[in-house]
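Worksheet for the structure shown next.
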Amino acid sequence: MAWIKGTERQQRVIHAPLPDVYAFFVSPARRSEAFDDIQERHAIDASCERWIMAPRTALKVTVQPDYTTRYTGNGTDSITWEPAAEGTTRTRGRATLEALDAQRTRVDYEETITSDLPIPRLMVKVFEPIVALEIKKGVRDFLARASRILEAGSRGC
């Protein structure tokens with residue numbers, strides 16, 4: 001087994017008011033609406049959840065992300081998260097929000113994901129670029145789904 005880590009930073013403008021965007025990103029239950037591959041979701045408390053995702057396979061190696069994360073916000077425009085328990089995956093990050101106007105919020109998003117892959121340590125260099133691409137795609141897709149959810153809500157849909 002070998003742990004592989006990757007970090008992704010992205011910025012996105014969401015057409016929704018800052019308080020709505022903050023409420024979404026600070027709530028694990030709301031965030032889970034933007035995940036597309038959850039198999040199991042267990043609320044630990046209002047700021048902490050455990051997620052078990054669908055298995056993923058690359059180069060004949062299958063991993064099933066299982067992680068518990070706690071979210072902390074400052075009440076207005078900054079959210080951080082960190083691992084709250086051991087699992088096959090650990091996630092740590094931050095989202096910094098800025099109101100551009102009453103209906104648009106810029107999200108500066110950074111997330112580091114560390115996964116325990118069932119591979120020998122000698123294979124880490126082979127899998128690092130694959131993991132980096134998966135993290136980049138995962139963050140991009142998550143932010144796109146979060147945007148759609150928030151923008152639909154701000155239109156009263």
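Starting from 1 in every chain, residues are counted up; chains themselves are A, B, ... following the order of the structure tokens, and ligands are numbered from 1 as listed.
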
Using only C-alpha atoms, which residues sit within 10 Å of Phe35 (chain A) once same-chain residues fewer than 6 positions away are excluded, as a PDB file with C-alpha atoms, in the first residue's frame?
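Wrote it out as out_19.pdb, contents follow:
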ATOM      1  CA  TRP A  51     -18.529   9.288   2.571  1.00  0.00           C
ATOM      2  CA  MET A  53     -17.600   6.543  -2.877  1.00  0.00           C
ATOM      3  CA  GLY A 138     -12.952  15.698  -9.577  1.00  0.00           C
ATOM      4  CA  ASP A 141     -16.732  18.514 -11.850  1.00  0.00           C
ATOM      5  CA  PHE A 142     -17.654  19.117  -8.196  1.00  0.00           C
ATOM      6  CA  LEU A 143     -17.468  22.905  -8.649  1.00  0.00           C
ATOM      7  CA  ARG A 145     -22.253  20.696 -10.124  1.00  0.00           C
ATOM      8  CA  ALA A 146     -22.161  23.013  -7.079  1.00  0.00           C
TER       9      ALA A 146
END

Near region 101-111 of chain A, within 12 Å and counting only C-alpha atoms, which residues show up once chain neighbours fewer than 2 positions away are dropped, as a PyMOL selection string? chain A and resi 5-22+24-25+77-83+90-99+113-114+132+135-136+138-140+142-144+146-147+150-151+153-155

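Taking CA of Glu49 (chain A) as the reference point, CA of Pro28 (chain A) is found at 6.2 Å.
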
For region 117-123 of chain A: contacts at 9 Å, only C-alpha atoms, fewer than 2 positions along chain excluded, given as a PDB file with C-alpha atoms, in the first residue's frame:
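What ended up in selection_20.pdb:
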ATOM      1  CA  MET A   1       0.000   0.000   0.000  1.00  0.00           C
ATOM      2  CA  ALA A   2       1.192   3.502  -0.808  1.00  0.00           C
ATOM      3  CA  TRP A   3      -0.193   6.946  -0.029  1.00  0.00           C
ATOM      4  CA  ILE A   4      -0.326   9.364  -2.972  1.00  0.00           C
ATOM      5  CA  VAL A  61      -5.843  -0.990  -9.694  1.00  0.00           C
ATOM      6  CA  THR A  62      -9.151  -0.423  -7.925  1.00  0.00           C
ATOM      7  CA  VAL A  63      -9.633   1.909  -4.998  1.00  0.00           C
ATOM      8  CA  THR A  88      -8.555   5.105   2.511  1.00  0.00           C
ATOM      9  CA  SER A 115      -5.296   8.257  -1.202  1.00  0.00           C
ATOM     10  CA  LYS A 125       5.733   7.533  -9.681  1.00  0.00           C
ATOM     11  CA  VAL A 126       3.586   5.759 -12.265  1.00  0.00           C
ATOM     12  CA  PHE A 127       0.358   6.566 -10.439  1.00  0.00           C
ATOM     13  CA  GLU A 128       1.074  10.164  -9.328  1.00  0.00           C
TER      14      GLU A 128
END

Interatomic distance (Å, one decimal) between CA of Ser27 (chain A) and CA of Asp45 (chain A):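 Between these atoms lies a distance of 10.3 Å.
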
If you run DSSP over the backbone, which residues in region 75-127 of chain A end up alpha helix (DSSP H)? Put them as number ranges by chain. A: 124-127

Using only C-alpha atoms, which residue out of A:Tyr71, A:Pro55, A:Lys137, A:Thr76 lies closest to Arg30 (chain A)?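 Using only C-alpha atoms, Arg30 (chain A) sits closest to A:Tyr71.
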
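The spacing separating CA of Thr72 (chain A) from CA of Ala84 (chain A) amounts to 11.7 Å.
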